[in-house]
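Data from my_file.pdb: PDB, C-alpha atoms
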```pdb
ATOM      1  CA  MET A   1     111.702 138.542 154.463
ATOM      2  CA  LYS A   2     111.064 142.249 154.339
ATOM      3  CA  ARG A   3     112.843 142.427 151.032
ATOM      4  CA  TRP A   4     110.689 139.659 149.592
ATOM      5  CA  LEU A   5     107.599 141.452 150.751
ATOM      6  CA  ALA A   6     108.761 144.688 149.129
ATOM      7  CA  ALA A   7     109.485 142.866 145.871
ATOM      8  CA  ALA A   8     106.073 141.236 145.913
ATOM      9  CA  VAL A   9     104.324 144.559 146.534
ATOM     10  CA  LEU A  10     106.328 146.186 143.750
ATOM     11  CA  GLY A  11     105.484 143.327 141.402
ATOM     12  CA  LEU A  12     101.801 143.558 142.200
ATOM     13  CA  SER A  13     101.745 147.308 141.649
ATOM     14  CA  MET A  14     103.368 146.804 138.249
ATOM     15  CA  ALA A  15     100.782 144.205 137.325
ATOM     16  CA  GLY A  16      98.220 146.936 137.766
ATOM     17  CA  VAL A  17     100.060 149.156 135.308
ATOM     18  CA  ALA A  18     100.329 146.396 132.740
ATOM     19  CA  HIS A  19      96.597 145.866 132.820
ATOM     20  CA  ALA A  20      95.714 149.498 132.372
ATOM     21  CA  ALA A  21      95.658 149.355 128.556
ATOM     22  CA  ILE A  22      93.021 146.627 128.490
ATOM     23  CA  ASP A  23      89.521 147.963 128.053
ATOM     24  CA  THR A  24      86.398 145.898 128.152
ATOM     25  CA  TYR A  25      84.441 146.198 124.954
ATOM     26  CA  GLU A  26      81.493 144.015 124.056
ATOM     27  CA  PHE A  27      81.613 143.247 120.351
ATOM     28  CA  ALA A  28      78.590 142.264 118.315
ATOM     29  CA  ASN A  29      80.507 139.406 116.704
ATOM     30  CA  ASP A  30      83.946 137.836 116.410
ATOM     31  CA  GLY A  31      84.565 139.569 113.074
ATOM     32  CA  ASP A  32      84.294 142.956 114.741
ATOM     33  CA  ARG A  33      86.592 141.873 117.538
ATOM     34  CA  GLU A  34      89.163 140.732 115.005
ATOM     35  CA  ARG A  35      88.897 143.995 113.044
ATOM     36  CA  PHE A  36      89.244 146.015 116.252
ATOM     37  CA  ARG A  37      92.416 144.084 117.040
ATOM     38  CA  GLU A  38      93.760 144.642 113.516
ATOM     39  CA  LEU A  39      92.973 148.361 113.434
ATOM     40  CA  THR A  40      94.389 149.135 116.859
ATOM     41  CA  LYS A  41      97.576 147.295 115.825
ATOM     42  CA  GLU A  42      97.871 149.193 112.579
ATOM     43  CA  LEU A  43      97.251 152.678 113.939
ATOM     44  CA  ARG A  44      99.995 154.483 115.738
ATOM     45  CA  CYS A  45      99.497 156.482 118.905
ATOM     46  CA  PRO A  46     100.061 160.176 118.070
ATOM     47  CA  LYS A  47     101.301 160.972 121.569
ATOM     48  CA  CYS A  48     103.680 158.139 122.323
ATOM     49  CA  GLN A  49     105.147 157.812 118.841
ATOM     50  CA  ASN A  50     106.481 154.275 118.910
ATOM     51  CA  GLN A  51     103.481 152.371 120.141
ATOM     52  CA  ASP A  52     100.354 151.299 118.352
ATOM     53  CA  ILE A  53      97.124 152.382 119.978
ATOM     54  CA  ALA A  54      96.388 148.834 121.141
ATOM     55  CA  ASP A  55      99.535 148.938 123.247
ATOM     56  CA  SER A  56      99.501 152.425 124.588
ATOM     57  CA  ASN A  57      98.292 153.638 127.952
ATOM     58  CA  ALA A  58      98.095 157.256 126.835
ATOM     59  CA  PRO A  59      94.661 158.848 127.298
ATOM     60  CA  ILE A  60      94.571 159.779 123.613
ATOM     61  CA  ALA A  61      95.080 156.119 122.649
ATOM     62  CA  ALA A  62      92.180 155.148 124.906
ATOM     63  CA  ASP A  63      90.042 157.808 123.205
ATOM     64  CA  LEU A  64      90.984 156.516 119.777
ATOM     65  CA  ARG A  65      90.193 152.914 120.785
ATOM     66  CA  LYS A  66      86.820 154.100 121.991
ATOM     67  CA  GLU A  67      86.279 155.927 118.714
ATOM     68  CA  ILE A  68      87.213 152.850 116.669
ATOM     69  CA  PHE A  69      84.836 150.751 118.746
ATOM     70  CA  ARG A  70      82.072 153.271 118.117
ATOM     71  CA  MET A  71      82.706 153.327 114.367
ATOM     72  CA  LEU A  72      82.759 149.517 114.207
ATOM     73  CA  GLY A  73      79.368 149.577 115.886
ATOM     74  CA  GLU A  74      78.150 151.956 113.208
ATOM     75  CA  GLY A  75      79.191 149.448 110.554
ATOM     76  CA  LYS A  76      82.019 151.516 109.053
ATOM     77  CA  ASP A  77      84.583 149.552 107.069
ATOM     78  CA  ASN A  78      88.306 149.506 107.826
ATOM     79  CA  GLN A  79      89.164 152.035 105.133
ATOM     80  CA  GLN A  80      86.617 154.536 106.457
ATOM     81  CA  ILE A  81      88.004 154.213 109.972
ATOM     82  CA  ILE A  82      91.600 154.652 108.796
ATOM     83  CA  ASP A  83      90.583 157.664 106.671
ATOM     84  CA  PHE A  84      88.890 159.187 109.714
ATOM     85  CA  MET A  85      92.140 158.938 111.671
ATOM     86  CA  VAL A  86      94.342 160.167 108.817
ATOM     87  CA  ASP A  87      92.040 163.177 108.269
ATOM     88  CA  ARG A  88      92.711 164.265 111.825
ATOM     89  CA  TYR A  89      96.186 163.093 112.676
ATOM     90  CA  GLY A  90      97.819 162.808 109.254
ATOM     91  CA  ASP A  91      99.657 159.921 107.598
ATOM     92  CA  PHE A  92     101.725 159.716 110.744
ATOM     93  CA  VAL A  93      99.163 157.463 112.435
ATOM     94  CA  ARG A  94      99.460 154.705 109.862
ATOM     95  CA  TYR A  95     102.063 152.040 110.389
ATOM     96  CA  LYS A  96     101.266 150.983 106.823
ATOM     97  CA  PRO A  97     101.528 154.274 104.948
ATOM     98  CA  ALA A  98      99.379 154.769 101.854
ATOM     99  CA  LEU A  99     101.136 154.545  98.500
ATOM    100  CA  THR A 100     101.489 158.120  97.274
ATOM    101  CA  GLY A 101     104.171 160.119  95.511
ATOM    102  CA  LYS A 102     105.531 161.156  98.896
ATOM    103  CA  THR A 103     105.814 157.618 100.237
ATOM    104  CA  ALA A 104     107.006 155.929  97.021
ATOM    105  CA  LEU A 105     110.609 156.030  98.241
ATOM    106  CA  LEU A 106     109.527 154.324 101.443
ATOM    107  CA  TRP A 107     107.746 151.546  99.576
ATOM    108  CA  PHE A 108     110.189 150.973  96.740
ATOM    109  CA  GLY A 109     113.457 152.237  98.263
ATOM    110  CA  PRO A 110     114.503 148.925  99.839
ATOM    111  CA  ALA A 111     113.680 146.942  96.682
ATOM    112  CA  GLY A 112     115.566 149.559  94.638
ATOM    113  CA  LEU A 113     118.620 149.252  96.880
ATOM    114  CA  LEU A 114     118.478 145.454  96.626
ATOM    115  CA  LEU A 115     118.238 145.666  92.851
ATOM    116  CA  GLY A 116     121.164 148.103  92.753
ATOM    117  CA  GLY A 117     123.205 145.737  94.903
ATOM    118  CA  LEU A 118     122.415 142.795  92.621
ATOM    119  CA  VAL A 119     123.487 144.809  89.561
ATOM    120  CA  VAL A 120     126.770 145.744  91.242
ATOM    121  CA  ILE A 121     127.430 142.098  92.188
ATOM    122  CA  ALA A 122     126.591 140.939  88.658
ATOM    123  CA  VAL A 123     129.006 143.477  87.170
ATOM    124  CA  ILE A 124     131.794 142.449  89.553
ATOM    125  CA  ILE A 125     131.320 138.733  88.856
ATOM    126  CA  ARG A 126     131.374 139.320  85.111
ATOM    127  CA  ARG A 127     134.596 141.305  85.319
ATOM    128  CA  ARG A 128     136.279 138.693  87.473
ATOM    129  CA  ARG A 129     135.365 136.026  84.956
ATOM    130  CA  ALA A 130     136.648 138.102  82.088
ATOM    131  CA  VAL A 131     140.076 138.710  83.663
ATOM    132  CA  PRO A 132     141.656 135.221  83.485
ATOM    133  CA  ALA A 133     140.466 134.721  79.913
ATOM    134  CA  GLU A 134     142.294 137.714  78.581
ATOM    135  CA  GLY A 135     145.152 137.525  81.088
ATOM    136  CA  SER A 136     146.198 133.911  80.289
ATOM    137  CA  ASP A 137     148.456 134.952  77.513
ATOM    138  CA  SER A 138     149.462 138.321  78.730
ATOM    139  CA  LEU A 139     153.025 137.644  79.818
ATOM    140  CA  CYS A 140     155.446 139.480  77.638
ATOM    141  CA  ALA A 141     158.442 137.794  76.100
ATOM    142  CA  SER A 142     160.928 138.635  78.833
ATOM    143  CA  GLU A 143     158.546 137.531  81.562
ATOM    144  CA  ARG A 144     157.958 134.224  79.777
ATOM    145  CA  GLN A 145     161.658 133.671  79.539
ATOM    146  CA  ARG A 146     162.143 134.322  83.242
ATOM    147  CA  LEU A 147     159.288 131.995  84.069
ATOM    148  CA  ASP A 148     160.802 129.246  81.975
ATOM    149  CA  GLN A 149     164.145 129.801  83.676
ATOM    150  CA  LEU A 150     162.595 129.493  87.114
ATOM    151  CA  LEU A 151     160.685 126.380  86.158
ATOM    152  CA  ASP A 152     163.781 124.823  84.669
ATOM    153  CA  LYS A 153     165.746 125.564  87.769
ATOM    154  CA  ASN A 154     163.153 123.810  89.849
ATOM    155  CA  THR A 155     163.156 120.664  87.755
ATOM    156  CA  ASP A 156     166.952 120.534  87.822
ATOM    157  CA  ASP A 157     166.982 120.442  91.557
TER     158      ASP A 157
ATOM    159  CA  MET B 158     134.049 155.912  83.276
ATOM    160  CA  LYS B 159     136.255 154.148  85.841
ATOM    161  CA  ARG B 160     137.083 157.372  87.634
ATOM    162  CA  TRP B 161     133.454 158.218  87.935
ATOM    163  CA  LEU B 162     132.769 154.834  89.526
ATOM    164  CA  MET B 163     135.469 155.441  92.099
ATOM    165  CA  VAL B 164     133.805 158.624  93.292
ATOM    166  CA  LEU B 165     130.402 156.947  93.511
ATOM    167  CA  PRO B 166     130.790 155.405  97.016
ATOM    168  CA  LEU B 167     132.008 158.729  98.385
ATOM    169  CA  ALA B 168     129.087 160.557  96.766
ATOM    170  CA  LEU B 169     126.611 158.021  98.176
ATOM    171  CA  PHE B 170     128.184 158.345 101.596
ATOM    172  CA  LEU B 171     127.913 162.126 101.481
ATOM    173  CA  VAL B 172     124.228 162.032 100.493
ATOM    174  CA  VAL B 173     123.422 159.642 103.342
ATOM    175  CA  ALA B 174     125.550 161.667 105.768
ATOM    176  CA  VAL B 175     123.717 164.885 104.919
ATOM    177  CA  PHE B 176     120.339 163.194 105.476
ATOM    178  CA  LEU B 177     121.399 161.696 108.794
ATOM    179  CA  TYR B 178     122.965 164.951 109.946
ATOM    180  CA  ARG B 179     119.724 166.789 109.258
ATOM    181  CA  GLY B 180     117.861 164.053 111.084
ATOM    182  CA  LEU B 181     119.850 164.814 114.233
ATOM    183  CA  TYR B 182     118.172 168.195 114.465
ATOM    184  CA  LEU B 183     114.602 167.196 113.634
ATOM    185  CA  ASP B 184     112.161 166.887 116.480
ATOM    186  CA  PRO B 185     110.343 163.573 116.059
ATOM    187  CA  ALA B 186     107.603 164.771 118.413
ATOM    188  CA  GLU B 187     106.631 167.463 115.959
ATOM    189  CA  LEU B 188     103.750 166.189 113.878
ATOM    190  CA  PRO B 189     102.616 168.074 110.846
ATOM    191  CA  SER B 190      98.948 168.771 111.482
ATOM    192  CA  ALA B 191      96.562 167.204 109.015
ATOM    193  CA  MET B 192      94.100 170.016 109.749
ATOM    194  CA  ILE B 193      96.029 172.906 108.221
ATOM    195  CA  GLY B 194      94.061 174.468 105.377
ATOM    196  CA  LYS B 195      90.810 172.881 106.512
ATOM    197  CA  PRO B 196      87.879 174.752 108.004
ATOM    198  CA  PHE B 197      87.420 174.508 111.752
ATOM    199  CA  PRO B 198      85.374 171.343 112.443
ATOM    200  CA  ALA B 199      81.691 171.790 113.160
ATOM    201  CA  PHE B 200      80.682 171.738 116.809
ATOM    202  CA  SER B 201      77.957 172.896 119.114
ATOM    203  CA  LEU B 202      79.129 173.108 122.695
ATOM    204  CA  PRO B 203      78.431 175.223 125.765
ATOM    205  CA  THR B 204      80.902 177.760 127.091
ATOM    206  CA  VAL B 205      82.888 176.978 130.213
ATOM    207  CA  ARG B 206      80.670 179.392 132.126
ATOM    208  CA  GLY B 207      77.654 177.670 130.620
ATOM    209  CA  ASP B 208      75.909 180.919 129.666
ATOM    210  CA  ARG B 209      75.520 180.154 125.943
ATOM    211  CA  THR B 210      76.119 177.613 123.203
ATOM    212  CA  LEU B 211      78.938 178.131 120.729
ATOM    213  CA  THR B 212      79.308 176.810 117.200
ATOM    214  CA  GLN B 213      82.079 177.049 114.604
ATOM    215  CA  ALA B 214      80.359 180.157 113.171
ATOM    216  CA  ASP B 215      81.148 182.051 116.392
ATOM    217  CA  LEU B 216      84.866 181.670 115.700
ATOM    218  CA  GLN B 217      84.673 183.468 112.366
ATOM    219  CA  GLY B 218      85.196 187.154 111.778
ATOM    220  CA  LYS B 219      88.619 187.751 113.303
ATOM    221  CA  PRO B 220      91.909 185.900 112.997
ATOM    222  CA  ALA B 221      92.556 184.256 116.336
ATOM    223  CA  LEU B 222      94.453 181.719 118.368
ATOM    224  CA  VAL B 223      92.452 178.728 119.550
ATOM    225  CA  ASN B 224      94.187 177.379 122.612
ATOM    226  CA  VAL B 225      93.495 173.845 123.854
ATOM    227  CA  TRP B 226      93.942 173.753 127.615
ATOM    228  CA  ALA B 227      92.965 171.870 130.752
ATOM    229  CA  THR B 228      93.527 172.153 134.467
ATOM    230  CA  TRP B 229      95.173 168.684 134.529
ATOM    231  CA  CYS B 230      97.736 169.935 132.043
ATOM    232  CA  ILE B 231     100.741 171.110 134.003
ATOM    233  CA  SER B 232     102.418 172.951 131.151
ATOM    234  CA  CYS B 233      99.184 174.886 130.487
ATOM    235  CA  ARG B 234      99.825 176.515 133.833
ATOM    236  CA  VAL B 235     103.209 177.691 132.561
ATOM    237  CA  GLU B 236     101.628 178.978 129.385
ATOM    238  CA  HIS B 237      98.725 180.770 131.028
ATOM    239  CA  PRO B 238     100.486 184.003 132.111
ATOM    240  CA  VAL B 239     101.876 184.390 128.585
ATOM    241  CA  LEU B 240      98.380 184.071 127.141
ATOM    242  CA  ASN B 241      97.176 186.677 129.612
ATOM    243  CA  LYS B 242      99.861 189.038 128.431
ATOM    244  CA  LEU B 243      99.056 188.422 124.770
ATOM    245  CA  ALA B 244      95.368 189.005 125.412
ATOM    246  CA  GLU B 245      96.257 192.314 127.033
ATOM    247  CA  GLN B 246      98.205 193.261 123.912
ATOM    248  CA  GLY B 247      95.054 192.693 121.877
ATOM    249  CA  VAL B 248      95.675 189.214 120.493
ATOM    250  CA  VAL B 249      92.347 187.421 120.031
ATOM    251  CA  ILE B 250      92.439 184.111 121.905
ATOM    252  CA  TYR B 251      89.679 181.536 122.125
ATOM    253  CA  GLY B 252      89.943 178.587 124.475
ATOM    254  CA  ILE B 253      88.944 174.956 124.306
ATOM    255  CA  ASN B 254      88.728 173.463 127.758
ATOM    256  CA  TYR B 255      89.647 169.914 126.795
ATOM    257  CA  LYS B 256      88.412 166.893 128.783
ATOM    258  CA  ASP B 257      88.328 168.825 131.985
ATOM    259  CA  ASP B 258      86.277 169.105 135.104
ATOM    260  CA  ASN B 259      84.137 172.222 134.718
ATOM    261  CA  ALA B 260      84.344 173.332 138.346
ATOM    262  CA  SER B 261      88.157 173.201 138.320
ATOM    263  CA  ALA B 262      88.212 175.101 135.028
ATOM    264  CA  LEU B 263      86.048 177.898 136.470
ATOM    265  CA  LYS B 264      88.233 178.065 139.546
ATOM    266  CA  TRP B 265      91.378 178.219 137.372
ATOM    267  CA  LEU B 266      89.995 181.095 135.313
ATOM    268  CA  ALA B 267      88.922 182.994 138.415
ATOM    269  CA  GLU B 268      92.322 182.537 140.050
ATOM    270  CA  PHE B 269      94.675 183.050 137.120
ATOM    271  CA  HIS B 270      92.710 185.541 135.021
ATOM    272  CA  ASN B 271      90.853 184.688 131.832
ATOM    273  CA  PRO B 272      92.603 185.453 128.541
ATOM    274  CA  TYR B 273      89.918 183.803 126.421
ATOM    275  CA  GLN B 274      87.302 185.874 124.614
ATOM    276  CA  MET B 275      85.277 182.703 124.251
ATOM    277  CA  ASP B 276      85.909 179.441 126.012
ATOM    278  CA  ILE B 277      84.484 176.224 124.608
ATOM    279  CA  ARG B 278      83.683 173.451 127.038
ATOM    280  CA  ASP B 279      84.771 170.186 125.383
ATOM    281  CA  GLU B 280      84.184 167.878 128.293
ATOM    282  CA  ASP B 281      84.173 164.551 126.440
ATOM    283  CA  GLY B 282      86.943 165.553 124.042
ATOM    284  CA  ASN B 283      84.991 165.151 120.803
ATOM    285  CA  LEU B 284      85.979 168.532 119.403
ATOM    286  CA  GLY B 285      89.570 167.828 120.391
ATOM    287  CA  LEU B 286      89.385 164.521 118.542
ATOM    288  CA  ASN B 287      88.033 166.211 115.421
ATOM    289  CA  LEU B 288      90.868 168.725 115.629
ATOM    290  CA  GLY B 289      93.491 166.001 115.904
ATOM    291  CA  VAL B 290      94.526 167.140 119.374
ATOM    292  CA  TYR B 291      96.875 164.660 121.039
ATOM    293  CA  GLY B 292      97.938 166.562 124.097
ATOM    294  CA  ALA B 293      97.565 169.950 125.675
ATOM    295  CA  PRO B 294      98.560 172.683 125.271
ATOM    296  CA  GLU B 295      98.040 172.984 121.549
ATOM    297  CA  THR B 296      97.275 176.212 119.768
ATOM    298  CA  PHE B 297      95.585 176.551 116.403
ATOM    299  CA  PHE B 298      95.798 179.673 114.269
ATOM    300  CA  ILE B 299      92.569 180.418 112.440
ATOM    301  CA  ASP B 300      91.960 183.151 109.896
ATOM    302  CA  ALA B 301      88.941 185.459 109.683
ATOM    303  CA  LYS B 302      87.027 182.844 107.678
ATOM    304  CA  GLY B 303      87.561 180.240 110.357
ATOM    305  CA  VAL B 304      90.067 178.177 108.355
ATOM    306  CA  ILE B 305      92.887 176.553 110.332
ATOM    307  CA  ARG B 306      96.128 178.002 109.028
ATOM    308  CA  ASP B 307      98.711 176.798 111.495
ATOM    309  CA  LYS B 308      99.195 174.853 114.673
ATOM    310  CA  TYR B 309     101.671 174.986 117.500
ATOM    311  CA  VAL B 310     102.084 172.051 119.883
ATOM    312  CA  GLY B 311     103.566 172.781 123.271
ATOM    313  CA  VAL B 312     103.923 175.712 125.596
ATOM    314  CA  ILE B 313     103.888 179.158 124.039
ATOM    315  CA  ASP B 314     106.423 181.166 125.987
ATOM    316  CA  GLU B 315     107.609 184.660 125.202
ATOM    317  CA  VAL B 316     110.545 183.507 123.101
ATOM    318  CA  VAL B 317     108.431 181.137 121.013
ATOM    319  CA  TRP B 318     105.863 183.867 120.495
ATOM    320  CA  ARG B 319     108.380 186.500 119.520
ATOM    321  CA  GLU B 320     110.514 184.337 117.274
ATOM    322  CA  GLN B 321     108.026 181.994 115.649
ATOM    323  CA  LEU B 322     104.411 182.843 116.193
ATOM    324  CA  ALA B 323     103.975 186.618 116.314
ATOM    325  CA  SER B 324     104.758 186.977 112.617
ATOM    326  CA  LYS B 325     102.274 184.226 111.726
ATOM    327  CA  TYR B 326      99.511 185.902 113.699
ATOM    328  CA  GLN B 327     100.400 189.305 112.240
ATOM    329  CA  ALA B 328     100.223 187.864 108.722
ATOM    330  CA  LEU B 329      96.676 186.659 109.392
ATOM    331  CA  VAL B 330      95.709 190.050 110.809
ATOM    332  CA  ASP B 331      97.172 191.852 107.787
ATOM    333  CA  GLU B 332      95.369 189.481 105.479
ATOM    334  CA  ALA B 333      92.039 190.218 107.153
ATOM    335  CA  LYS B 334      92.411 193.967 106.626
ATOM    336  CA  PRO B 335      90.499 195.263 103.598
TER     337      PRO B 335
END
```

So, in terms of structure tokens, how does the structure I just supplied come out?
Amino acid sequence: MKRWLAAAVLGLSMAGVAHAAIDTYEFANDGDRERFRELTKELRCPKCQNQDIADSNAPIAADLRKEIFRMLGEGKDNQQIIDFMVDRYGDFVRYKPALTGKTALLWFGPAGLLLGGLVVIAVIIRRRRAVPAEGSDSLCASERQRLDQLLDKNTDD
Amino acid sequence: MKRWLMVLPLALFLVVAVFLYRGLYLDPAELPSAMIGKPFPAFSLPTVRGDRTLTQADLQGKPALVNVWATWCISCRVEHPVLNKLAEQGVVIYGINYKDDNASALKWLAEFHNPYQMDIRDEDGNLGLNLGVYGAPETFFIDAKGVIRDKYVGVIDEVVWREQLASKYQALVDEAKP
């Protein structure tokens, strides 16, 4: 019984932690609410590295959510809000990095690797196809003779 | 042609291996600051003591360290004696008291000595936000024109100062000399 009680208390205390990242913001309209959700999902928390700011309990994430809410209220568009964050925290905060010379490898690398793989497969398939065509008649005279001998032997049995 | 193809997988492997090996020694917590090369953001805030109002213009004139600190920041406590020592050696240090309770900040400075020539009171964290601060302690290096030239995140201890930061500060000082 005591154990159950302890588990329940522990569970309840954890529920409190899980709720900590939820703020109460009053949005002017559903569009703003949706954009807030989108932006906080797309921006990465600078402190906790592998969480977006919607998810994170870090004080800095709470500050950034507040800042996004404020800018939405001022009627800024998504690009302006993202630029504001990138100006201060660098490209690091974007889960969708901008397409620049620096990030080109990131954007096109996987497609490039896939393309390279396809080329390699195509080359291999072509070679494999080419082999039997030229190899069909490639036995030399002595080999042919031996083959005939073996075949003959088999039919005799 | 064929030979060359045989070496290709090995070459690819080596390139990837070198990248991954380097990755082992990179600190993912180290963010390049987006503020380097930009002028110090505009602000108008009281000092911690509340005796005057400071703006970005007050930070110009001398190369300096701008140290972001708070009493809730445990590692700032570790850093504080080192800052005191640096201030004694003549290093110009300004402070930003970031999202802190003013009374605790005053008490801290009275108890542990004040290394800051000026101390900005950023109670709601707006200046910190404009600086791209994501945790304390952080220390910005500004030149005599008030342009941010470098940033160090984390505790400045004597080793870090000697091996990494002293030369950076000295370079700014040398640059400011006529």

Chain B near chain A within 9 Å: what's each residue's closest atom pair and its distance in Å to one decimal, counting all atoms listed in the file, ordered by chain then ascending residue number, as JSON lines?
```
{"residue": "B:Pro185", "atom": "CA", "partner": "A:Gln49", "partner_atom": "CA", "distance": 8.2}
{"residue": "B:Ala186", "atom": "CA", "partner": "A:Gln49", "partner_atom": "CA", "distance": 7.4}
{"residue": "B:Leu188", "atom": "CA", "partner": "A:Phe92", "partner_atom": "CA", "distance": 7.5}
{"residue": "B:Pro189", "atom": "CA", "partner": "A:Gly90", "partner_atom": "CA", "distance": 7.3}
{"residue": "B:Ser190", "atom": "CA", "partner": "A:Tyr89", "partner_atom": "CA", "distance": 6.4}
{"residue": "B:Ala191", "atom": "CA", "partner": "A:Gly90", "partner_atom": "CA", "distance": 4.6}
{"residue": "B:Met192", "atom": "CA", "partner": "A:Arg88", "partner_atom": "CA", "distance": 6.3}
{"residue": "B:Gly282", "atom": "CA", "partner": "A:Asp63", "partner_atom": "CA", "distance": 8.4}
{"residue": "B:Leu286", "atom": "CA", "partner": "A:Arg88", "partner_atom": "CA", "distance": 7.5}
{"residue": "B:Asn287", "atom": "CA", "partner": "A:Arg88", "partner_atom": "CA", "distance": 6.2}
{"residue": "B:Leu288", "atom": "CA", "partner": "A:Arg88", "partner_atom": "CA", "distance": 6.1}
{"residue": "B:Gly289", "atom": "CA", "partner": "A:Arg88", "partner_atom": "CA", "distance": 4.5}
{"residue": "B:Val290", "atom": "CA", "partner": "A:Tyr89", "partner_atom": "CA", "distance": 8.0}
{"residue": "B:Tyr291", "atom": "CA", "partner": "A:Lys47", "partner_atom": "CA", "distance": 5.8}
{"residue": "B:Gly292", "atom": "CA", "partner": "A:Lys47", "partner_atom": "CA", "distance": 7.0}
```

Hits of the PyMOL selection byres ((chain B and resi 275) around 9) in this structure, as a VMD selection string: chain B and resid 204 to 205 211 215 to 216 250 to 253 272 to 274 276 to 277

Neighbour list for B:Ala221 as a list in words, cut-off 10 Å, only C-alpha atoms, skip fewer than 6 positions in-chain: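 Contacts, in chain order: Val248, Val249, Ile250, Tyr251, Gln274, Thr296, Phe297, Phe298, Ile299, Asp300, Ala301, Gly303, Ile305, Tyr326, Leu329 and Val330 of chain B.
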
Explicit residues for the PyMOL selection byres ((chain B and resi 225) around 8) (as a CSV table (one decimal) with C-alpha atoms, in the frame of the given file):
```csv
chain,number,residue,atom,x,y,z
B,223,VAL,CA,92.5,178.7,119.6
B,224,ASN,CA,94.2,177.4,122.6
B,226,TRP,CA,93.9,173.8,127.6
B,227,ALA,CA,93.0,171.9,130.8
B,252,GLY,CA,89.9,178.6,124.5
B,253,ILE,CA,88.9,175.0,124.3
B,254,ASN,CA,88.7,173.5,127.8
B,255,TYR,CA,89.6,169.9,126.8
B,285,GLY,CA,89.6,167.8,120.4
B,293,ALA,CA,97.6,170.0,125.7
B,294,PRO,CA,98.6,172.7,125.3
B,295,GLU,CA,98.0,173.0,121.5
B,296,THR,CA,97.3,176.2,119.8
```

Under the rule that all atoms listed in the file are counted, which of B:Asn283, B:Ser201, B:Asn241, B:Gln246 is the nearest residue to B:Leu266?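 Of B:Asn283, B:Ser201, B:Asn241, B:Gln246, the one nearest B:Leu266, counting all atoms listed in the file, is B:Asn241.
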
Provide the atom CA of B:Lys256 to atom CA of B:Asp279 distance in Å, to one decimal place. 6.0 Å

A:Gly75 environment, 12 Å, all atoms listed in the file, sequence neighbours closer than 6 positions dropped, as a short mmCIF file (atom, residue, chain, number, x, y, z; two decimals) with C-alpha atoms, keeping the file's coordinate frame:
```
data_model
loop_
_atom_site.label_atom_id
_atom_site.label_comp_id
_atom_site.auth_asym_id
_atom_site.auth_seq_id
_atom_site.Cartn_x
_atom_site.Cartn_y
_atom_site.Cartn_z
CA PHE A 27 81.61 143.25 120.35
CA ALA A 28 78.59 142.26 118.32
CA ASN A 29 80.51 139.41 116.70
CA GLY A 31 84.56 139.57 113.07
CA ASP A 32 84.29 142.96 114.74
CA ARG A 35 88.90 144.00 113.04
CA ILE A 68 87.21 152.85 116.67
CA PHE A 69 84.84 150.75 118.75
CA ILE A 81 88.00 154.21 109.97
#
```

Let me have the centre and edge lengths of the axis-aligned box enclosing all listed atoms of stretch 292-299 of chain B with 6 Å padding on every side, in Å to one decimal, as JSON.
```
{"center_x": 95.6, "center_y": 173.5, "center_z": 119.1, "size_x": 18.0, "size_y": 25.9, "size_z": 25.2}
```

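Interatomic distance, atom CA of B:Ser261 to atom CA of A:Arg65: 26.9 Å.
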
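With the shown file loaded, the PyMOL selection byres ((chain A and resi 96-99) around 12) picks out Glu38, Leu39, Lys41, Glu42, Leu43, Arg44, Asp52, Gln79, Ile82, Asp83, Val86, Gly90, Asp91, Phe92, Val93, Arg94, Tyr95, Thr100, Gly101, Lys102, Thr103, Ala104, Leu105, Leu106, Trp107 and Phe108 of chain A.
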
Between atom CA of A:Gly116 and atom CA of B:Pro166, what is the distance, to one decimal in Å? 12.8 Å
